[in-house]
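Quick look at query-v4.txt (compact mmCIF, C-alpha atoms):
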```
# COMPACT_ATOMS: atom_id res chain seq x y z
CA MET A 7 49.95 18.68 50.46
CA ILE A 8 51.09 15.19 49.45
CA VAL A 9 49.47 13.93 46.24
CA VAL A 10 49.11 10.22 45.55
CA ALA A 11 48.72 9.34 41.86
CA GLY A 12 47.58 5.89 40.77
CA GLU A 13 44.85 3.30 40.73
CA ALA A 14 41.99 2.56 43.06
CA LEU A 15 40.48 -0.92 42.82
CA ILE A 16 38.53 -3.57 44.68
CA ASP A 17 40.33 -6.49 46.32
CA LEU A 18 38.24 -9.66 46.50
CA VAL A 19 39.61 -11.38 49.60
CA PRO A 20 38.88 -15.06 50.47
CA GLN A 21 37.00 -15.52 53.74
CA PRO A 22 37.12 -18.55 56.06
CA GLY A 23 33.94 -20.59 56.14
CA ARG A 24 32.54 -24.01 55.47
CA TYR A 25 35.20 -24.60 52.79
CA GLY A 26 38.03 -24.14 55.28
CA SER A 27 41.15 -22.05 54.91
CA PRO A 28 40.88 -18.67 53.15
CA SER A 29 44.38 -19.15 51.76
CA ARG A 30 43.35 -20.19 48.27
CA VAL A 31 40.73 -19.61 45.61
CA SER A 32 40.22 -23.03 44.02
CA PRO A 33 37.41 -25.60 43.92
CA ASN A 34 37.01 -27.87 46.91
CA ALA A 35 36.02 -31.52 46.74
CA ASP A 36 32.35 -30.63 46.31
CA GLY A 37 33.08 -27.88 43.80
CA GLY A 38 32.59 -25.05 46.29
CA LEU A 39 34.70 -21.91 46.52
CA PRO A 40 35.47 -19.72 49.53
CA ASP A 41 33.42 -16.58 49.88
CA LEU A 42 35.10 -13.47 48.48
CA ALA A 43 34.65 -10.23 50.40
CA PRO A 44 35.15 -6.92 48.54
CA ARG A 45 37.71 -4.62 50.13
CA LEU A 46 38.77 -1.13 49.06
CA GLY A 47 42.28 -1.27 47.68
CA GLY A 48 45.01 -0.57 45.17
CA GLY A 49 48.55 0.40 46.19
CA PRO A 50 48.19 4.16 45.59
CA TYR A 51 44.69 4.17 47.08
CA ASN A 52 45.93 2.47 50.25
CA THR A 53 48.83 4.93 50.43
CA ALA A 54 46.45 7.89 50.20
CA VAL A 55 44.15 6.47 52.89
CA ALA A 56 47.12 5.77 55.16
CA LEU A 57 48.45 9.30 54.73
CA GLY A 58 45.03 10.74 55.50
CA ARG A 59 44.68 8.62 58.63
CA LEU A 60 48.12 9.72 59.79
CA GLY A 61 47.04 13.34 59.46
CA SER A 62 48.99 14.43 56.38
CA PRO A 63 47.12 16.81 54.05
CA THR A 64 46.60 14.48 51.09
CA ALA A 65 44.98 14.54 47.65
CA PHE A 66 44.26 11.59 45.37
CA CYS A 67 44.89 11.94 41.63
CA SER A 68 43.33 9.14 39.63
CA ARG A 69 40.40 8.09 37.45
CA VAL A 70 37.66 6.21 39.29
CA SER A 71 34.57 4.45 37.99
CA ALA A 72 31.10 5.89 38.51
CA ASP A 73 29.85 2.42 39.49
CA ALA A 74 28.99 1.37 43.06
CA PHE A 75 32.55 0.22 43.74
CA GLY A 76 33.87 3.58 42.58
CA GLU A 77 31.49 5.42 44.89
CA ALA A 78 32.64 3.25 47.80
CA LEU A 79 36.29 3.97 46.96
CA LEU A 80 35.66 7.72 47.01
CA GLY A 81 33.77 7.31 50.28
CA GLY A 82 36.80 5.61 51.84
CA LEU A 83 39.05 8.45 50.75
CA ARG A 84 36.71 11.10 52.12
CA ALA A 85 36.43 9.22 55.42
CA ALA A 86 40.23 9.39 55.72
CA GLY A 87 40.21 13.13 55.03
CA VAL A 88 41.69 12.84 51.54
CA ASP A 89 40.90 15.53 48.95
CA VAL A 90 39.15 13.85 45.99
CA SER A 91 38.58 16.96 43.88
CA TYR A 92 41.36 15.88 41.51
CA VAL A 93 39.81 12.46 40.85
CA GLN A 94 38.54 11.96 37.30
CA ARG A 95 35.42 9.82 36.77
CA GLY A 96 34.44 7.33 34.06
CA THR A 97 31.56 5.04 33.16
CA GLU A 98 33.86 2.02 32.73
CA PRO A 99 33.89 -0.62 35.52
CA THR A 100 36.23 -0.70 38.49
CA THR A 101 39.36 -2.87 38.33
CA LEU A 102 39.14 -6.06 40.41
CA ALA A 103 41.99 -7.91 42.12
CA VAL A 104 41.36 -11.42 43.47
CA ALA A 105 43.62 -12.05 46.45
CA SER A 106 44.96 -15.34 47.73
CA ILE A 107 46.37 -15.48 51.24
CA GLY A 108 49.27 -17.82 52.01
CA ALA A 109 49.81 -19.71 55.25
CA ASP A 110 52.20 -16.96 56.40
CA GLY A 111 49.68 -14.22 55.63
CA SER A 112 51.40 -13.12 52.41
CA ALA A 113 49.07 -12.03 49.61
CA GLY A 114 49.09 -12.86 45.90
CA TYR A 115 46.77 -11.41 43.26
CA SER A 116 45.13 -12.01 39.92
CA PHE A 117 43.61 -9.04 38.12
CA TYR A 118 40.62 -8.13 35.98
CA VAL A 119 41.73 -4.94 34.23
CA GLU A 120 40.43 -4.93 30.67
CA GLY A 121 38.28 -1.90 29.88
CA THR A 122 38.39 -0.50 33.41
CA ALA A 123 38.11 3.15 34.38
CA ASP A 124 41.53 3.78 35.91
CA ARG A 125 43.37 2.86 32.69
CA LEU A 126 42.05 5.99 30.98
CA PHE A 127 43.63 8.49 33.38
CA ALA A 128 44.58 11.77 31.70
CA VAL A 129 47.33 14.16 32.83
CA PRO A 130 45.73 16.94 34.90
CA ASP A 131 46.26 20.57 33.96
CA GLN A 132 47.92 21.24 37.31
CA LEU A 133 48.64 19.76 40.72
CA PRO A 134 46.80 20.94 43.83
CA PRO A 135 48.08 24.21 45.30
CA GLY A 136 50.81 23.67 47.86
CA THR A 137 51.84 20.24 46.55
CA ARG A 138 55.16 19.26 48.14
CA ALA A 139 55.37 15.63 47.02
CA VAL A 140 53.75 13.21 44.57
CA SER A 141 53.77 9.44 45.06
CA PHE A 142 53.53 6.97 42.14
CA GLY A 143 53.43 3.22 41.75
CA THR A 144 51.92 -0.23 41.18
CA CYS A 145 49.52 -1.13 38.35
CA SER A 146 49.04 2.45 37.22
CA LEU A 147 52.61 2.52 35.86
CA VAL A 148 52.04 -0.67 33.85
CA LEU A 149 48.59 -0.48 32.25
CA GLU A 150 48.34 1.69 29.16
CA PRO A 151 47.33 4.27 28.15
CA GLY A 152 47.24 5.49 31.75
CA ALA A 153 50.83 4.42 32.46
CA THR A 154 52.17 6.93 29.95
CA ALA A 155 50.00 9.67 31.46
CA TYR A 156 51.26 8.95 34.99
CA GLU A 157 54.83 8.88 33.69
CA GLU A 158 54.32 12.30 32.10
CA LEU A 159 52.94 13.62 35.39
CA MET A 160 56.01 12.26 37.21
CA ARG A 161 58.42 13.96 34.83
CA THR A 162 56.47 17.22 34.91
CA ALA A 163 56.28 17.31 38.71
CA ALA A 164 59.98 16.58 39.09
CA GLY A 165 60.78 19.26 36.51
CA GLN A 166 58.83 21.75 38.63
CA GLY A 167 60.91 20.87 41.69
CA VAL A 168 58.22 18.75 43.38
CA PHE A 169 59.57 15.81 45.40
CA THR A 170 58.56 12.49 43.81
CA ALA A 171 58.35 9.06 45.42
CA LEU A 172 58.14 5.73 43.58
CA ASP A 173 56.89 2.37 44.85
CA PRO A 174 56.97 0.01 41.82
CA ASN A 175 55.13 -2.74 43.77
CA ILE A 176 55.75 -5.27 41.00
CA ARG A 177 52.82 -7.40 39.76
CA PRO A 178 54.52 -9.73 37.23
CA VAL A 179 51.21 -11.09 35.95
CA LEU A 180 50.42 -7.63 34.53
CA ILE A 181 53.80 -7.08 32.85
CA PRO A 182 53.94 -8.62 29.35
CA ASP A 183 57.55 -7.60 28.65
CA ALA A 184 59.72 -7.76 31.75
CA ASP A 185 62.85 -6.35 30.11
CA ALA A 186 60.94 -3.39 28.68
CA TYR A 187 59.47 -2.62 32.10
CA ARG A 188 62.89 -2.85 33.76
CA ALA A 189 64.26 -0.37 31.24
CA ARG A 190 61.28 1.91 31.86
CA PHE A 191 61.86 1.71 35.61
CA ARG A 192 65.45 2.87 35.13
CA SER A 193 64.20 5.77 32.98
CA TRP A 194 62.11 7.02 35.93
CA LEU A 195 65.03 7.20 38.36
CA PRO A 196 66.36 10.63 37.27
CA HIS A 197 62.88 12.03 38.03
CA THR A 198 62.49 10.32 41.43
CA GLY A 199 63.57 11.54 44.85
CA LEU A 200 62.75 8.41 46.87
CA VAL A 201 62.34 4.78 45.82
CA LYS A 202 60.66 2.35 48.21
CA LEU A 203 60.33 -1.32 47.30
CA SER A 204 60.41 -4.82 48.73
CA GLU A 205 63.50 -6.98 48.47
CA GLU A 206 61.47 -9.28 46.20
CA ASP A 207 60.69 -6.37 43.89
CA ALA A 208 64.36 -5.37 43.88
CA ALA A 209 65.42 -8.90 42.91
CA TRP A 210 62.84 -8.98 40.09
CA LEU A 211 63.98 -5.61 38.74
CA GLY A 212 67.65 -6.62 38.75
CA GLY A 213 70.50 -4.22 39.18
CA ALA A 214 71.30 -2.89 42.63
CA PRO A 215 70.12 0.02 44.80
CA LYS A 216 73.56 1.66 44.57
CA GLU A 217 73.22 1.74 40.78
CA TRP A 218 69.75 3.25 41.10
CA LEU A 219 71.00 5.90 43.51
CA ALA A 220 73.63 6.98 41.02
CA ALA A 221 70.82 7.63 38.51
CA GLY A 222 68.98 10.18 40.65
CA PRO A 223 67.11 9.22 43.86
CA ALA A 224 68.37 10.58 47.16
CA ALA A 225 67.46 7.35 48.96
CA VAL A 226 66.23 3.79 48.35
CA VAL A 227 64.25 2.06 51.10
CA LEU A 228 64.09 -1.74 51.02
CA THR A 229 61.48 -3.66 53.01
CA HIS A 230 62.27 -7.15 54.31
CA GLY A 231 58.86 -8.34 55.49
CA GLY A 232 58.94 -9.11 59.19
CA ASP A 233 62.69 -8.47 59.30
CA GLY A 234 62.35 -4.71 59.02
CA LEU A 235 63.56 -1.98 56.67
CA THR A 236 66.86 -0.70 55.29
CA VAL A 237 67.65 2.64 53.66
CA LEU A 238 70.59 3.31 51.37
CA THR A 239 71.41 6.92 50.61
CA ARG A 240 73.17 8.61 47.71
CA GLU A 241 75.87 9.80 50.13
CA GLY A 242 76.75 6.21 51.06
CA GLY A 243 74.73 5.86 54.25
CA GLU A 244 73.07 2.55 55.10
CA TYR A 245 70.74 2.30 58.10
CA ALA A 246 68.33 -0.41 59.19
CA VAL A 247 65.63 -1.06 61.76
CA PRO A 248 64.14 -4.43 62.77
CA GLY A 249 60.56 -5.40 62.18
CA VAL A 250 57.98 -5.09 64.94
CA PRO A 251 56.77 -8.52 66.14
CA VAL A 252 53.06 -9.02 65.53
CA ASP A 253 50.56 -11.82 64.95
CA VAL A 254 50.09 -11.51 61.20
CA VAL A 255 46.56 -11.80 59.86
CA ASP A 256 47.61 -10.86 56.33
CA THR A 257 50.07 -8.50 54.66
CA ILE A 258 47.57 -6.71 52.40
CA GLY A 259 48.43 -3.00 52.36
CA ALA A 260 51.55 -3.35 54.51
CA GLY A 261 53.92 -2.02 51.85
CA ASP A 262 51.52 0.79 51.02
CA THR A 263 51.42 1.72 54.70
CA VAL A 264 55.23 1.84 54.74
CA ASN A 265 55.15 4.13 51.72
CA ALA A 266 52.71 6.50 53.42
CA ALA A 267 54.52 6.40 56.75
CA LEU A 268 57.83 7.27 55.09
CA LEU A 269 56.33 10.31 53.36
CA HIS A 270 54.47 11.39 56.51
CA ARG A 271 57.59 11.16 58.65
CA LEU A 272 59.78 12.83 56.04
CA ALA A 273 57.32 15.73 56.10
CA ALA A 274 57.64 15.85 59.90
CA HIS A 275 61.42 16.22 59.40
CA ASP A 276 60.78 18.93 56.77
CA ALA A 277 62.53 16.63 54.31
CA LEU A 278 60.28 16.53 51.25
CA SER A 279 63.03 17.50 48.84
CA VAL A 280 66.01 15.70 47.36
CA GLU A 281 68.40 18.05 49.16
CA ALA A 282 66.71 17.61 52.53
CA VAL A 283 66.60 13.81 52.21
CA ALA A 284 70.30 13.85 51.34
CA ALA A 285 70.99 15.79 54.55
CA LEU A 286 69.28 13.29 56.87
CA GLY A 287 71.52 11.49 59.34
CA GLU A 288 71.47 8.14 61.12
CA ASP A 289 69.19 9.27 63.97
CA ASP A 290 66.75 10.81 61.51
CA TRP A 291 66.53 7.64 59.45
CA HIS A 292 66.11 5.42 62.51
CA ASP A 293 63.16 7.57 63.52
CA ILE A 294 61.63 7.51 60.02
CA LEU A 295 62.15 3.80 59.42
CA GLY A 296 61.03 2.86 62.92
CA PHE A 297 57.81 4.80 62.48
CA ALA A 298 57.16 2.99 59.18
CA ALA A 299 57.87 -0.41 60.75
CA ARG A 300 55.38 0.22 63.56
CA ALA A 301 52.72 1.40 61.12
CA ALA A 302 53.15 -1.65 58.89
CA ALA A 303 52.94 -4.01 61.86
CA ILE A 304 49.55 -2.60 62.81
CA THR A 305 48.30 -3.07 59.25
CA CYS A 306 49.48 -6.71 59.26
CA SER A 307 47.64 -7.36 62.53
CA ARG A 308 44.20 -6.93 60.95
CA PRO A 309 42.54 -8.23 57.78
CA GLY A 310 42.76 -6.33 54.52
CA ALA A 311 44.36 -2.94 53.96
CA GLN A 312 43.52 -1.19 57.24
CA PRO A 313 46.36 1.25 57.91
CA PRO A 314 46.64 2.83 61.35
CA TYR A 315 45.49 6.22 62.55
CA ALA A 316 47.97 8.66 64.08
CA ALA A 317 46.64 8.00 67.57
CA GLU A 318 47.58 4.32 67.29
CA LEU A 319 51.24 5.16 66.73
CA GLY A 320 51.87 7.84 69.31
CA ARG A 321 54.90 9.97 68.59
```
How would this structure read if it were set down as structure tokens?
Amino acid sequence: MIVVAGEALIDLVPQPGRYGSPSRVSPNADGGLPDLAPRLGGGPYNTAVALGRLGSPTAFCSRVSADAFGEALLGGLRAAGVDVSYVQRGTEPTTLAVASIGADGSAGYSFYVEGTADRLFAVPDQLPPGTRAVSFGTCSLVLEPGATAYEELMRTAAGQGVFTALDPNIRPVLIPDADAYRARFRSWLPHTGLVKLSEEDAAWLGGAPKEWLAAGPAAVVLTHGGDGLTVLTREGGEYAVPGVPVDVVDTIGAGDTVNAALLHRLAAHDALSVEAVAALGEDDWHDILGFAARAAAITCSRPGAQPPYAAELGR
């Protein structure tokens, strides 16, 4: 079982129409705005759905609203085969993220998070039986009081010998004190087996992957958009794969798909432990990274966070 811990939210994605390009949410000459279509989302949510579609036994650990959006989010998890029995419920509204899509398909976000259900996540009494890994990241590690609860779960899981993965997925607009967050990120590293992040996130965080590796993780995976992925290992290995060419519709959910694909493929290599990740060689990493690159390309080829199913990727 792979557990994904973090937020589930609704992305409001601009749609093309009589106001032209969906790449921005701003008034047009006649005061009109592009239509916004609700899409199921949130970094951890997308990761859980992607894992389920790939066939990994997956559970989602979060707090989800009892409103209509929350019901739809749970429905999406169930449709992907994800166990939702560890999802807490609340009467507060669902978090909303308004997306803007750039000319190159890249996505930016503004958030409506005050008083929303996922912020009140409480540490569960226990993880699902058979849990081999727990994945953390994105808004859930920023917004209090839930951020402290997720951090406690991370430390507890790592202390019990469970493999932990971290995708910080930085959203600067949500971080009031950048230096405090950077220090907090470094405090997580001794409790983390795998860090996956974009090169933009790495630049924002400062420091260097080699410094982070010395603090605890067995490997750091950097994504470079269409240029592929690189892994740096604690033992000094550095391996890379190119991106998979694709006509990009948008990049929503691409990084989350990479996160899921890495965990899924690590499980296939029986490498969901710090020791096993440390023992992986060049051929292993080329297989793992290549699988993640192919999965992300499929997600980029269609609108919104629509990660691939196992059958779309072959072996």
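As for CA of Leu268 in chain A and CA of Leu195 in chain A, they are spaced 18.2 Å apart.
Candidate residues A:His197, A:Arg59, A:His270, A:Arg69 were compared for distance to Leu83 in chain A, and the nearest is A:Arg59, using all atoms listed in the file.
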Can you list every residue of range 263-295 of chain A that has an atom at most 7 Å from range 299-316 of chain A, with its nearest atom pair and the distance in Å to one decimal, using only C-alpha atoms, ordered by chain then number, as a Markdown table?
```
| residue | atom | partner | partner_atom | distance |
| --- | --- | --- | --- | --- |
| A:Thr263 | CA | A:Ala302 | CA | 5.6 |
| A:Val264 | CA | A:Ala302 | CA | 5.8 |
| A:Ala267 | CA | A:Ala301 | CA | 6.9 |
| A:Leu295 | CA | A:Ala299 | CA | 6.1 |
```
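Between CA of Gly76 in chain A and CA of Pro178 in chain A there is a distance of 25.1 Å.
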If you count all atoms listed in the file, which residues fall within 12 Å of Asp293 in chain A, apart from same-chain ones fewer than 4 positions away, as a ChimeraX atom specification?
-> /A:235,237,245-247,267-268,270-272,274-275,286-289,297-300,321
Residues near Thr137 in chain A, cut-off 8 Å, only C-alpha atoms, skip fewer than 3 positions along chain, as a PDB file with C-alpha atoms, in the coordinates of the input:
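Contents of the output file around.pdb:
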```pdb
ATOM      1  CA  MET A   7      49.950  18.680  50.460  1.00  0.00           C
ATOM      2  CA  ILE A   8      51.090  15.190  49.450  1.00  0.00           C
ATOM      3  CA  VAL A   9      49.470  13.930  46.240  1.00  0.00           C
ATOM      4  CA  LEU A 133      48.640  19.760  40.720  1.00  0.00           C
ATOM      5  CA  PRO A 134      46.800  20.940  43.830  1.00  0.00           C
ATOM      6  CA  VAL A 140      53.750  13.210  44.570  1.00  0.00           C
ATOM      7  CA  VAL A 168      58.220  18.750  43.380  1.00  0.00           C
TER       8      VAL A 168
END
```
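For the residues A:Gly143, A:Gly114, A:Pro196, A:Gly136, ranking by smallest atom-to-atom distance to Arg161 in chain A using all atoms listed in the file places A:Pro196 first.
Minimum distance to Ile294 in chain A across A:Glu13, A:Asp207, A:Asp276, A:Glu120 (counting all atoms listed in the file) occurs at A:Asp276.
Atom pair CA of Val255 in chain A / CA of Ser106 in chain A has a distance of 12.7 Å (rounded to one decimal).
Among the candidate residues A:Thr97, A:Thr198, A:Ser204, A:Thr122, the one lying nearest to Gly222 in chain A is A:Thr198, with distances computed using all atoms listed in the file.
With distances taken over all atoms listed in the file, A:Asp17 is the one residue among A:Glu77, A:Asp17, A:Glu206, A:Asp41 lying closest to Val104 in chain A.
For Gly82 in chain A, the set of protein, DNA and RNA residues having any atom at most 8 Å away, when counting all atoms listed in the file and skipping those fewer than 3 positions along the same chain, is Leu46, Val55, Ala78, Leu79, Ala85 and Ala86 of chain A.
If you count only C-alpha atoms and ignore residues fewer than 3 places along the chain from Pro248 in chain A, what sits within 9 Å of it is Gly232, Asp233, Gly234, Leu235, Thr236, Gly296 and Ala299 of chain A.
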Non-local contacts of Gly58 in chain A (7 Å; only C-alpha atoms; under 5 positions in same chain excluded) as JSON, numbers by chain = {"A": [63, 64, 86, 87, 88]}
Could the residues in this selection be saved with C-alpha atoms as an mmCIF file, keeping the file's coordinate frame?
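Okay, this is what ended up in part.cif:
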```
data_model
loop_
_atom_site.group_PDB
_atom_site.id
_atom_site.type_symbol
_atom_site.label_atom_id
_atom_site.label_comp_id
_atom_site.auth_asym_id
_atom_site.auth_seq_id
_atom_site.Cartn_x
_atom_site.Cartn_y
_atom_site.Cartn_z
ATOM 1 C CA PRO A 63 47.120 16.810 54.050
ATOM 2 C CA THR A 64 46.600 14.480 51.090
ATOM 3 C CA ALA A 86 40.230 9.390 55.720
ATOM 4 C CA GLY A 87 40.210 13.130 55.030
ATOM 5 C CA VAL A 88 41.690 12.840 51.540
#
```
Protein, DNA and RNA residues within 12 Å of (55.9, 6.1, 33.8), only C-alpha atoms, as a PyMOL selection string = chain A and resi 11-12+129+141-162+172-174+186-198
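Here the question is which of A:Asp124, A:Val254, A:Asp131, A:Ala56 gets nearest to Tyr92 in chain A using all atoms listed in the file, and that residue is A:Asp131.
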Could you add the missing atoms to range 294-304 of chain A, up to all heavy atoms, and return them as a compact mmCIF listing (two decimals), in the frame of the given file?
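Contents of part_2.txt, as written:
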```txt
# COMPACT_ATOMS: atom_id res chain seq x y z
N ILE A 294 62.53 7.65 61.17
CA ILE A 294 61.63 7.51 60.02
C ILE A 294 61.31 6.05 59.74
O ILE A 294 60.15 5.66 59.57
CB ILE A 294 62.25 8.19 58.77
CG1 ILE A 294 62.34 9.70 58.99
CG2 ILE A 294 61.44 7.88 57.51
CD1 ILE A 294 63.28 10.40 58.03
N LEU A 295 62.35 5.22 59.70
CA LEU A 295 62.15 3.80 59.42
C LEU A 295 61.41 3.10 60.55
O LEU A 295 60.56 2.23 60.31
CB LEU A 295 63.49 3.11 59.18
CG LEU A 295 64.32 3.58 57.98
CD1 LEU A 295 65.66 2.85 57.95
CD2 LEU A 295 63.58 3.38 56.67
N GLY A 296 61.72 3.46 61.78
CA GLY A 296 61.03 2.86 62.92
C GLY A 296 59.55 3.17 62.93
O GLY A 296 58.71 2.30 63.23
N PHE A 297 59.21 4.41 62.58
CA PHE A 297 57.81 4.80 62.48
C PHE A 297 57.10 3.96 61.41
O PHE A 297 55.99 3.46 61.62
CB PHE A 297 57.72 6.28 62.14
CG PHE A 297 56.34 6.84 62.05
CD1 PHE A 297 55.65 7.23 63.20
CD2 PHE A 297 55.70 6.97 60.83
CE1 PHE A 297 54.37 7.74 63.13
CE2 PHE A 297 54.42 7.50 60.74
CZ PHE A 297 53.75 7.88 61.90
N ALA A 298 57.76 3.78 60.26
CA ALA A 298 57.16 2.99 59.18
C ALA A 298 56.99 1.53 59.58
O ALA A 298 55.98 0.90 59.24
CB ALA A 298 58.03 3.10 57.93
N ALA A 299 57.96 0.98 60.31
CA ALA A 299 57.87 -0.41 60.75
C ALA A 299 56.71 -0.61 61.71
O ALA A 299 55.97 -1.61 61.62
CB ALA A 299 59.18 -0.84 61.40
N ARG A 300 56.50 0.33 62.62
CA ARG A 300 55.38 0.22 63.56
C ARG A 300 54.04 0.33 62.83
O ARG A 300 53.09 -0.41 63.13
CB ARG A 300 55.48 1.31 64.63
CG ARG A 300 56.72 1.21 65.50
CD ARG A 300 56.60 2.02 66.78
NE ARG A 300 56.26 3.42 66.56
CZ ARG A 300 57.15 4.37 66.30
NH1 ARG A 300 58.44 4.05 66.17
NH2 ARG A 300 56.78 5.63 66.16
N ALA A 301 53.97 1.23 61.87
CA ALA A 301 52.72 1.40 61.12
C ALA A 301 52.39 0.14 60.34
O ALA A 301 51.23 -0.31 60.31
CB ALA A 301 52.84 2.61 60.19
N ALA A 302 53.39 -0.44 59.68
CA ALA A 302 53.15 -1.65 58.89
C ALA A 302 52.72 -2.82 59.77
O ALA A 302 51.87 -3.62 59.38
CB ALA A 302 54.41 -2.01 58.10
N ALA A 303 53.30 -2.92 60.96
CA ALA A 303 52.94 -4.01 61.86
C ALA A 303 51.46 -3.94 62.24
O ALA A 303 50.77 -4.98 62.30
CB ALA A 303 53.81 -3.97 63.11
N ILE A 304 50.97 -2.74 62.48
CA ILE A 304 49.55 -2.60 62.81
C ILE A 304 48.68 -3.05 61.64
O ILE A 304 47.67 -3.74 61.82
CB ILE A 304 49.24 -1.15 63.22
CG1 ILE A 304 49.93 -0.81 64.54
CG2 ILE A 304 47.73 -0.93 63.34
CD1 ILE A 304 49.83 0.66 64.95
```
